[in-house]
Amino acid sequence: MIKVRRLIKYTYEHIRRNGWLSFSSVAIMTLTFFVISIFIFTLYSVNVILHYYESKSQIIVFFNPQASQTYISQVKTNIEDTGKVTSIKFISKEVAYQRFVKLLKTQNPTLAKSVDMNALPPSFEVSTQNLSNLQDVANTLYKLKKNSHGEIDNILYFKNVVQFLKQAVSVISDVGLGLIIFLSIIAFVIIIITIAITINSHSEDIEIMKLVGASTTYVVGPFIMEGALYGVLGVFISSIVLYLIFIIISTYYRATILFPLEQFFQGVPLPHYSLFLVLEVVGVEALIGIVIGAIASSISITKYLK
Amino acid sequence: MLTFKDVSKKYGNRVALDDINFHIEEGEFVFLVGHSGAGKSTLVKLLIREETPTSGSIHFAGYDIEQLSRKALPHLRREIGVVFQDFKLLPRKTAFENVAFAMEVSDFSNREIKKAVNYMLDLVGLSAKSRSFPHQLSGGEKQRIAIARAMVNNPHILIADEPTGNLDPNVSWDIVQLLNKINNWGTTILMATHASDIVNSLQKRVISLDEGKIVRDSMGGYNE
């Protein structure tokens with residue numbers, strides 16, 4: 001207990017004596033973890049949205065209106081046999097006609113009346129669990145189309161949104177990771193320098209400490225604690241800042257920022273940041289902060305003691 | 001209690017200490033004399049294991065100093081009190097804190113520290129200045145604080161490396177009186193100095209070094 005109390009006392013003395021330098025160390029750590037947090041939550045959100053679109057994406061197979069029921073059933077069996085399909089919905093000529101009329105009724109009633117039900121193609125709406133399954137099923141369908149005698153009229157396949165999101169995820173990951181590595185290196189170096197300067201301003205203390213029989217752990221402890229503390233403070237301050245920004249946006253900018261976002265992603269369940277998720281992220285970041293800080297100061301002090 | 005056996009120390013080609021042999025009994029007061037560069041400071045450094053000898057062995061209170069591991073070093077240092085010419089006090093700590101510092105590293109409780117430090121400050125006659133910072137103290141007072149710090153862990157030996165080097169003659173004399181008092185209470189004292197008047201007046205054992213060799217080891221004054 002006495003040891004811990006003295007460790008805290010000396011760590012506090014170091015930080016107080018360093019003033020602005022300690023401040024800049026905490027600031028750079030805060031910035032690093034701020035970026036890391038934003039990166040993690042953005043990636044999480046984009047993944048939630050991506051997952052939604054993936055589950056919603058489907059292939060629509062249009063049959064020739066003259067295609068036989070037998071052929072259509074056979075295609076259904078073929079698609080089901082791939083084992084990658086979650087649902088196949090058959091849209092008969094009648095259903096297609098009803099949809100079409102409903103769509104045109106308000107815009108162009110004359111046109112709606114003039115359409116012949118038999119001119120509309122029956123179709124399948126095929127859904128899969130994820131995008132790669134969708135691709136596989138699409139390939140199967142293209143083969144069937146190639147071998148058909150015009151029974152399969154067209155295959156529509158909405159992959160653009162999903163591909164865009166996948167690309168977005170990959171770009172965010174790359175840029176984010178690059179930024180995190182860059183900032184982590186800067187934070188690491190700044191802590192090494194801060195501790196080196198702390199050590200320099202304490203060289204007399206260290207000399208006397210060793211002279212009166214302080215163990216290496218006793219000498220080194222406060223410096224490592226100092227580095228770790230910079231890391232932890234960075235994590236907590238960045239978390240608080242991020243939380244405040246979130247509160248401010250959701251309170252004062254609901255109409256200007258959140259509402260348009262909700263409009264844009266209409267129907268998409270917006271990601272929910274549970275308390276557990278937030279605590280998990282902050283906890284892991286705090287651990288990383290402690291490790292970065294402690295290792296950086298260990299490097300500094302070990303170099304000095306040698 | 002302290003034995004140097006065939007100890008030599010070389011820095012490159014320069015011989016700092018050459019075949020040093022002596023033994024100091026518990027409770028002795030020994031002067032280590034010689035010109036600057038004679039090897040006094042090197043000998044002190046070997047004793048507190050700031051340096052290791054090139055050859056030979058040093059035994060002190062059950063320790064083989066030259067073979068001591070890094071881990072055991074703090075324990076040795078707690079058995080040896082050291083006082084320097086430049087005091088080596090921490091400028092941002094009060095007199096009390098400077099003395100307490102030596103006990104804090106040995107994990108004593110705050111109560112034990114307070115008791116021992118107050119006792120030591122009383123012993124060196126500076127109880128009234130326990131809250132003063134080093135810059136508020138005279139040279140003699142600073143050295144008394146340094147002695148208090150060296151003695152607070154109750155060491156086997158007190159090494160004083162030119163403790164009066166920065167002090168006026170009358171203040172120097174006070175410091176030597178204090179060291180003598182400490183010796184009378186049973187602590188062994190090894191004092192490196194080239195202040196001949198002090199050595200002459202005390203008439204203790206004198207080990208004289210010249211160019212890294214012991215040229216004399218006997219009772220008496222500076223030049224006898």
# chains A, B, ... in the order shown; residues from 1 in each chain; ligands from 1
$ select_by_dssp --residues "range 123-293 of chain A" --states "strand (DSSP E or B)" --output "list of chain:residue names"
A:Ser123, A:Phe124, A:Glu125, A:Val126, A:Ser127, A:Thr128, A:Ile152, A:Asp153, A:Asn154, A:Ile155, A:Leu156, A:Tyr157
$ residues_around --residues "Leu21 in chain A" --least-positions-apart "3" --cutoff "12 Å" --atoms "only C-alpha atoms" --output "PyMOL selection string"
chain A and resi 14-18+24-28+190-198+226+230
$ residues_around --residues "Phe100 in chain A" --least-positions-apart "2" --cutoff "12 Å" --atoms "only C-alpha atoms" --output "JSON, numbers by chain"
{"A": [91, 93, 94, 95, 96, 97, 98, 102, 103, 104, 105, 106, 107, 108, 109, 111, 112, 113, 114, 115, 116, 117, 119, 120, 121]}
$ write_last_selection --atoms "N, CA, C and O atoms" --output "compact mmCIF listing (two decimals), in the first residue's frame"
# COMPACT_ATOMS: atom_id res chain seq x y z
N ILE A 91 -43.56 -14.32 -59.01
CA ILE A 91 -44.49 -13.24 -59.36
C ILE A 91 -45.16 -13.65 -60.68
O ILE A 91 -44.52 -13.61 -61.74
N LYS A 93 -47.92 -13.60 -63.83
CA LYS A 93 -48.36 -12.55 -64.75
C LYS A 93 -49.41 -11.67 -64.08
O LYS A 93 -49.37 -10.45 -64.20
N GLU A 94 -50.31 -12.35 -63.33
CA GLU A 94 -51.40 -11.60 -62.69
C GLU A 94 -50.86 -10.63 -61.66
O GLU A 94 -51.25 -9.46 -61.63
N VAL A 95 -49.99 -11.13 -60.83
CA VAL A 95 -49.42 -10.26 -59.78
C VAL A 95 -48.65 -9.12 -60.42
O VAL A 95 -48.75 -7.95 -60.01
N ALA A 96 -47.88 -9.45 -61.47
CA ALA A 96 -47.11 -8.43 -62.16
C ALA A 96 -48.03 -7.37 -62.74
O ALA A 96 -47.75 -6.16 -62.65
N TYR A 97 -49.14 -7.84 -63.29
CA TYR A 97 -50.11 -6.91 -63.89
C TYR A 97 -50.69 -5.99 -62.83
O TYR A 97 -50.74 -4.78 -63.02
N GLN A 98 -51.06 -6.59 -61.68
CA GLN A 98 -51.63 -5.78 -60.60
C GLN A 98 -50.63 -4.71 -60.13
O GLN A 98 -50.98 -3.57 -59.89
N LYS A 102 -51.16 -0.73 -60.53
CA LYS A 102 -51.12 0.07 -59.30
C LYS A 102 -50.11 1.22 -59.44
O LYS A 102 -50.37 2.35 -59.04
N LEU A 103 -49.01 0.89 -60.05
CA LEU A 103 -47.94 1.87 -60.21
C LEU A 103 -48.35 2.98 -61.18
O LEU A 103 -48.05 4.16 -60.97
N LEU A 104 -49.06 2.59 -62.26
CA LEU A 104 -49.38 3.56 -63.31
C LEU A 104 -50.69 4.31 -63.09
O LEU A 104 -50.91 5.33 -63.71
N LYS A 105 -51.52 3.73 -62.19
CA LYS A 105 -52.87 4.25 -62.03
C LYS A 105 -52.90 5.76 -61.78
O LYS A 105 -53.63 6.49 -62.44
N THR A 106 -52.02 6.15 -60.89
CA THR A 106 -52.04 7.58 -60.56
C THR A 106 -51.34 8.42 -61.62
O THR A 106 -51.75 9.55 -61.89
N GLN A 107 -50.28 7.86 -62.19
CA GLN A 107 -49.49 8.67 -63.14
C GLN A 107 -50.08 8.69 -64.56
O GLN A 107 -50.09 9.72 -65.23
N ASN A 108 -50.48 7.51 -65.00
CA ASN A 108 -50.94 7.42 -66.39
C ASN A 108 -52.06 6.38 -66.54
O ASN A 108 -51.83 5.26 -67.00
N PRO A 109 -53.28 6.76 -66.14
CA PRO A 109 -54.38 5.78 -66.13
C PRO A 109 -54.67 5.21 -67.52
O PRO A 109 -55.00 4.04 -67.66
N LEU A 111 -52.58 4.64 -70.00
CA LEU A 111 -51.57 3.62 -70.32
C LEU A 111 -51.86 2.34 -69.53
O LEU A 111 -51.78 1.23 -70.07
N ALA A 112 -52.26 2.52 -68.27
CA ALA A 112 -52.53 1.37 -67.42
C ALA A 112 -53.64 0.50 -68.02
O ALA A 112 -53.55 -0.73 -68.02
N LYS A 113 -54.63 1.15 -68.57
CA LYS A 113 -55.75 0.40 -69.14
C LYS A 113 -55.34 -0.34 -70.41
O LYS A 113 -55.84 -1.41 -70.72
N SER A 114 -54.39 0.26 -71.16
CA SER A 114 -54.05 -0.29 -72.46
C SER A 114 -53.12 -1.52 -72.38
O SER A 114 -52.89 -2.19 -73.37
N VAL A 115 -52.59 -1.77 -71.20
CA VAL A 115 -51.63 -2.89 -71.09
C VAL A 115 -52.37 -4.22 -71.02
O VAL A 115 -53.33 -4.39 -70.27
N ASP A 116 -51.84 -5.15 -71.78
CA ASP A 116 -52.42 -6.50 -71.79
C ASP A 116 -51.70 -7.34 -70.76
O ASP A 116 -50.47 -7.35 -70.69
N MET A 117 -52.46 -8.03 -69.96
CA MET A 117 -51.86 -8.82 -68.88
C MET A 117 -50.87 -9.85 -69.41
O MET A 117 -49.83 -10.11 -68.81
N ALA A 119 -48.91 -9.62 -71.76
CA ALA A 119 -47.64 -9.06 -72.25
C ALA A 119 -46.61 -8.98 -71.12
O ALA A 119 -45.43 -8.80 -71.36
N LEU A 120 -47.08 -9.11 -69.87
CA LEU A 120 -46.15 -8.95 -68.75
C LEU A 120 -45.50 -10.29 -68.40
O LEU A 120 -46.15 -11.32 -68.37
N PRO A 121 -44.22 -10.23 -68.13
CA PRO A 121 -43.52 -11.49 -67.87
C PRO A 121 -43.69 -11.95 -66.42
O PRO A 121 -43.69 -11.13 -65.50
$ residues_around --residues "range 10-13 of chain A" --least-positions-apart "4" --cutoff "9 Å" --atoms "only C-alpha atoms" --output "VMD selection string"
chain A and resid 5 to 6 17 to 18 221 to 226
$ closest_atom_pairs --of "chain A" --to "chain B" --cutoff "10 Å" --atoms "only C-alpha atoms" --output "tab-separated table"
residue	atom	partner	partner_atom	distance
A:Met1	CA	B:Ser109	CA	9.7
A:Ile2	CA	B:Ser109	CA	6.8
A:Lys3	CA	B:Asp107	CA	6.8
A:Arg6	CA	B:Glu104	CA	8.0
A:His202	CA	B:Leu90	CA	9.6
A:Glu204	CA	B:Leu90	CA	7.3
A:Asp205	CA	B:Leu90	CA	6.6
A:Glu207	CA	B:Lys88	CA	9.0
A:Ile208	CA	B:Lys88	CA	7.1
A:Met209	CA	B:Ala102	CA	7.3
A:Lys210	CA	B:Pro74	CA	7.1
A:Leu211	CA	B:Arg77	CA	6.3
A:Val212	CA	B:Ala102	CA	5.4
A:Gly213	CA	B:Pro74	CA	4.0
A:Ala214	CA	B:Val105	CA	4.9
A:Ser215	CA	B:Pro74	CA	5.4
A:Thr216	CA	B:Lys71	CA	8.0
A:Thr217	CA	B:Lys71	CA	9.9
A:Tyr218	CA	B:Val105	CA	7.0
A:Val219	CA	B:Val105	CA	8.8
$ atom_distance --atom1 "CA of Asn147 in chain A" --atom2 "CA of Val126 in chain A"
19.8 Å
$ select_by_dssp --residues "range 80-300 of chain A" --states "helix (DSSP H, G or I)" --output "ChimeraX atom specification"
/A:80-81,93-107,109-114,117-119,131-147,160-201,203-211,216-252,254-264,275-300
$ closest_residue --among "A:Thr42, A:Ser22, A:Ser170, A:Thr140" --to "Thr77 in chain A" --atoms "only C-alpha atoms"
A:Thr140
$ residues_around --residues "Leu131 in chain A" --least-positions-apart "3" --cutoff "9 Å" --atoms "only C-alpha atoms" --output "PDB file with N, CA, C and O atoms, in the first residue's frame"
ATOM      1  N   GLU A  54     -27.080  -6.455 -48.086  1.00  0.00           N
ATOM      2  CA  GLU A  54     -26.753  -7.807 -48.548  1.00  0.00           C
ATOM      3  C   GLU A  54     -27.960  -8.723 -48.398  1.00  0.00           C
ATOM      4  O   GLU A  54     -28.285  -9.491 -49.279  1.00  0.00           O
ATOM      5  N   SER A  55     -28.610  -8.592 -47.204  1.00  0.00           N
ATOM      6  CA  SER A  55     -29.746  -9.478 -46.964  1.00  0.00           C
ATOM      7  C   SER A  55     -30.934  -9.098 -47.853  1.00  0.00           C
ATOM      8  O   SER A  55     -31.801  -9.907 -48.131  1.00  0.00           O
ATOM      9  N   SER A  57     -30.621  -7.739 -50.980  1.00  0.00           N
ATOM     10  CA  SER A  57     -30.339  -7.780 -52.415  1.00  0.00           C
ATOM     11  C   SER A  57     -30.880  -9.068 -53.031  1.00  0.00           C
ATOM     12  O   SER A  57     -30.874 -10.119 -52.407  1.00  0.00           O
ATOM     13  N   THR A 128     -30.656 -14.208 -51.318  1.00  0.00           N
ATOM     14  CA  THR A 128     -29.630 -15.081 -50.719  1.00  0.00           C
ATOM     15  C   THR A 128     -29.128 -14.426 -49.438  1.00  0.00           C
ATOM     16  O   THR A 128     -29.425 -13.266 -49.152  1.00  0.00           O
ATOM     17  N   LEU A 134     -25.195 -14.606 -53.814  1.00  0.00           N
ATOM     18  CA  LEU A 134     -26.007 -13.978 -54.853  1.00  0.00           C
ATOM     19  C   LEU A 134     -25.305 -14.109 -56.200  1.00  0.00           C
ATOM     20  O   LEU A 134     -25.911 -14.431 -57.224  1.00  0.00           O
ATOM     21  N   GLN A 135     -24.008 -13.877 -56.159  1.00  0.00           N
ATOM     22  CA  GLN A 135     -23.189 -13.972 -57.374  1.00  0.00           C
ATOM     23  C   GLN A 135     -23.253 -15.397 -57.940  1.00  0.00           C
ATOM     24  O   GLN A 135     -23.435 -15.591 -59.144  1.00  0.00           O
ATOM     25  N   ASP A 136     -23.121 -16.385 -57.043  1.00  0.00           N
ATOM     26  CA  ASP A 136     -23.141 -17.795 -57.485  1.00  0.00           C
ATOM     27  C   ASP A 136     -24.474 -18.152 -58.128  1.00  0.00           C
ATOM     28  O   ASP A 136     -24.527 -18.787 -59.185  1.00  0.00           O
ATOM     29  N   LYS A 159     -26.505  -5.277 -57.841  1.00  0.00           N
ATOM     30  CA  LYS A 159     -25.310  -5.464 -57.015  1.00  0.00           C
ATOM     31  C   LYS A 159     -24.567  -4.155 -56.763  1.00  0.00           C
ATOM     32  O   LYS A 159     -23.623  -4.115 -55.994  1.00  0.00           O
ATOM     33  N   VAL A 162     -24.464  -2.768 -53.070  1.00  0.00           N
ATOM     34  CA  VAL A 162     -23.654  -3.630 -52.227  1.00  0.00           C
ATOM     35  C   VAL A 162     -22.174  -3.487 -52.560  1.00  0.00           C
ATOM     36  O   VAL A 162     -21.327  -3.363 -51.675  1.00  0.00           O
ATOM     37  N   GLN A 163     -21.905  -3.444 -53.865  1.00  0.00           N
ATOM     38  CA  GLN A 163     -20.496  -3.315 -54.248  1.00  0.00           C
ATOM     39  C   GLN A 163     -19.926  -1.986 -53.788  1.00  0.00           C
ATOM     40  O   GLN A 163     -18.799  -1.915 -53.318  1.00  0.00           O
TER      41      GLN A 163
END
$ residues_around --residues "range 211-221 of chain B" --least-positions-apart "4" --cutoff "10 Å" --atoms "only C-alpha atoms" --output "ChimeraX atom specification"
/B:8-10,14-22,30-40,42-43,196-207
$ write_last_selection --atoms "N, CA and C atoms" --output "tab-separated table (two decimals), in the first residue's frame"
chain	number	residue	atom	x	y	z
B	8	SER	N	42.71	-3.78	-8.10
B	8	SER	CA	43.24	-2.85	-9.10
B	8	SER	C	42.10	-2.36	-9.96
B	9	LYS	N	42.24	-1.12	-10.44
B	9	LYS	CA	41.24	-0.59	-11.35
B	9	LYS	C	41.96	0.16	-12.47
B	10	LYS	N	41.67	-0.26	-13.69
B	10	LYS	CA	42.27	0.42	-14.84
B	10	LYS	C	41.17	1.01	-15.70
B	14	ARG	N	45.21	3.59	-18.33
B	14	ARG	CA	45.52	4.35	-17.11
B	14	ARG	C	45.18	3.52	-15.87
B	15	VAL	N	46.15	3.44	-14.97
B	15	VAL	CA	45.92	2.68	-13.74
B	15	VAL	C	45.43	3.66	-12.67
B	16	ALA	N	44.19	3.47	-12.22
B	16	ALA	CA	43.63	4.38	-11.20
B	16	ALA	C	43.94	3.85	-9.81
B	17	LEU	N	43.86	2.53	-9.64
B	17	LEU	CA	44.21	1.90	-8.36
B	17	LEU	C	45.07	0.68	-8.67
B	18	ASP	N	46.14	0.53	-7.88
B	18	ASP	CA	47.09	-0.53	-8.18
B	18	ASP	C	47.34	-1.38	-6.93
B	19	ASP	N	46.81	-2.59	-6.96
B	19	ASP	CA	47.06	-3.57	-5.90
B	19	ASP	C	46.79	-3.01	-4.50
B	20	ILE	N	45.56	-2.65	-4.28
B	20	ILE	CA	45.18	-2.05	-3.00
B	20	ILE	C	44.79	-3.15	-2.00
B	21	ASN	N	45.41	-3.10	-0.82
B	21	ASN	CA	45.09	-4.06	0.25
B	21	ASN	C	44.92	-3.30	1.56
B	22	PHE	N	43.77	-3.42	2.18
B	22	PHE	CA	43.61	-2.89	3.54
B	22	PHE	C	42.37	-3.51	4.17
B	30	VAL	N	38.65	6.23	9.67
B	30	VAL	CA	39.82	6.17	8.79
B	30	VAL	C	39.80	7.34	7.81
B	31	PHE	N	40.94	8.02	7.73
B	31	PHE	CA	41.08	9.06	6.70
B	31	PHE	C	41.72	8.45	5.46
B	32	LEU	N	41.19	8.84	4.31
B	32	LEU	CA	41.76	8.42	3.04
B	32	LEU	C	42.34	9.69	2.43
B	33	VAL	N	43.66	9.78	2.38
B	33	VAL	CA	44.24	11.05	1.92
B	33	VAL	C	45.05	10.87	0.65
B	34	GLY	N	45.34	11.97	0.03
B	34	GLY	CA	46.12	11.94	-1.21
B	34	GLY	C	45.74	13.10	-2.09
B	35	HIS	N	46.61	13.40	-3.07
B	35	HIS	CA	46.33	14.52	-3.98
B	35	HIS	C	45.15	14.18	-4.87
B	36	SER	N	44.68	15.21	-5.58
B	36	SER	CA	43.63	14.97	-6.56
B	36	SER	C	44.16	13.99	-7.60
B	37	GLY	N	43.36	13.01	-7.95
B	37	GLY	CA	43.78	12.03	-8.95
B	37	GLY	C	44.59	10.89	-8.36
B	38	ALA	N	44.73	10.88	-7.02
B	38	ALA	CA	45.51	9.81	-6.39
B	38	ALA	C	44.73	8.50	-6.35
B	39	GLY	N	43.42	8.59	-6.53
B	39	GLY	CA	42.60	7.37	-6.55
B	39	GLY	C	41.55	7.30	-5.46
B	40	LYS	N	41.40	8.39	-4.68
B	40	LYS	CA	40.45	8.37	-3.56
B	40	LYS	C	39.02	8.14	-4.05
B	42	THR	N	37.99	6.96	-6.89
B	42	THR	CA	37.82	5.65	-7.52
B	42	THR	C	37.56	4.60	-6.45
B	43	LEU	N	38.31	4.71	-5.35
B	43	LEU	CA	38.15	3.74	-4.26
B	43	LEU	C	36.73	3.81	-3.68
B	196	SER	N	44.59	18.80	5.38
B	196	SER	CA	45.61	18.28	6.30
B	196	SER	C	45.34	18.69	7.75
B	197	ASP	N	44.83	19.92	7.96
B	197	ASP	CA	44.62	20.39	9.33
B	197	ASP	C	43.63	19.49	10.08
B	198	ILE	N	42.58	19.04	9.36
B	198	ILE	CA	41.59	18.17	10.00
B	198	ILE	C	42.23	16.84	10.39
B	199	VAL	N	42.96	16.28	9.43
B	199	VAL	CA	43.59	14.97	9.68
B	199	VAL	C	44.58	15.09	10.85
B	200	ASN	N	45.32	16.18	10.85
B	200	ASN	CA	46.31	16.39	11.90
B	200	ASN	C	45.67	16.52	13.28
B	201	SER	N	44.55	17.21	13.34
B	201	SER	CA	43.98	17.45	14.66
B	201	SER	C	43.29	16.22	15.23
B	202	LEU	N	42.78	15.34	14.36
B	202	LEU	CA	42.05	14.18	14.88
B	202	LEU	C	42.95	13.01	15.26
B	203	GLN	N	44.11	12.91	14.57
B	203	GLN	CA	45.08	11.83	14.87
B	203	GLN	C	44.44	10.44	14.82
B	204	LYS	N	43.82	10.14	13.67
B	204	LYS	CA	43.20	8.82	13.48
B	204	LYS	C	44.04	8.00	12.51
B	205	ARG	N	43.49	6.86	12.11
B	205	ARG	CA	44.20	6.03	11.13
B	205	ARG	C	44.16	6.74	9.76
B	206	VAL	N	45.28	6.75	9.07
B	206	VAL	CA	45.36	7.42	7.77
B	206	VAL	C	45.83	6.45	6.69
B	207	ILE	N	45.04	6.31	5.64
B	207	ILE	CA	45.49	5.54	4.47
B	207	ILE	C	45.80	6.56	3.39
$ residues_around --residues "Ser172 in chain B" --least-positions-apart "2" --cutoff "10 Å" --atoms "only C-alpha atoms" --output "number ranges by chain"
B: 139-140, 143, 163-170, 174-178, 195, 198
$ atom_distance --atom1 "CA of Ala67 in chain A" --atom2 "CA of Glu151 in chain A"
5.1 Å
$ atom_distance --atom1 "CA of Tyr119 in chain B" --atom2 "CA of Gly27 in chain B"
21.3 Å
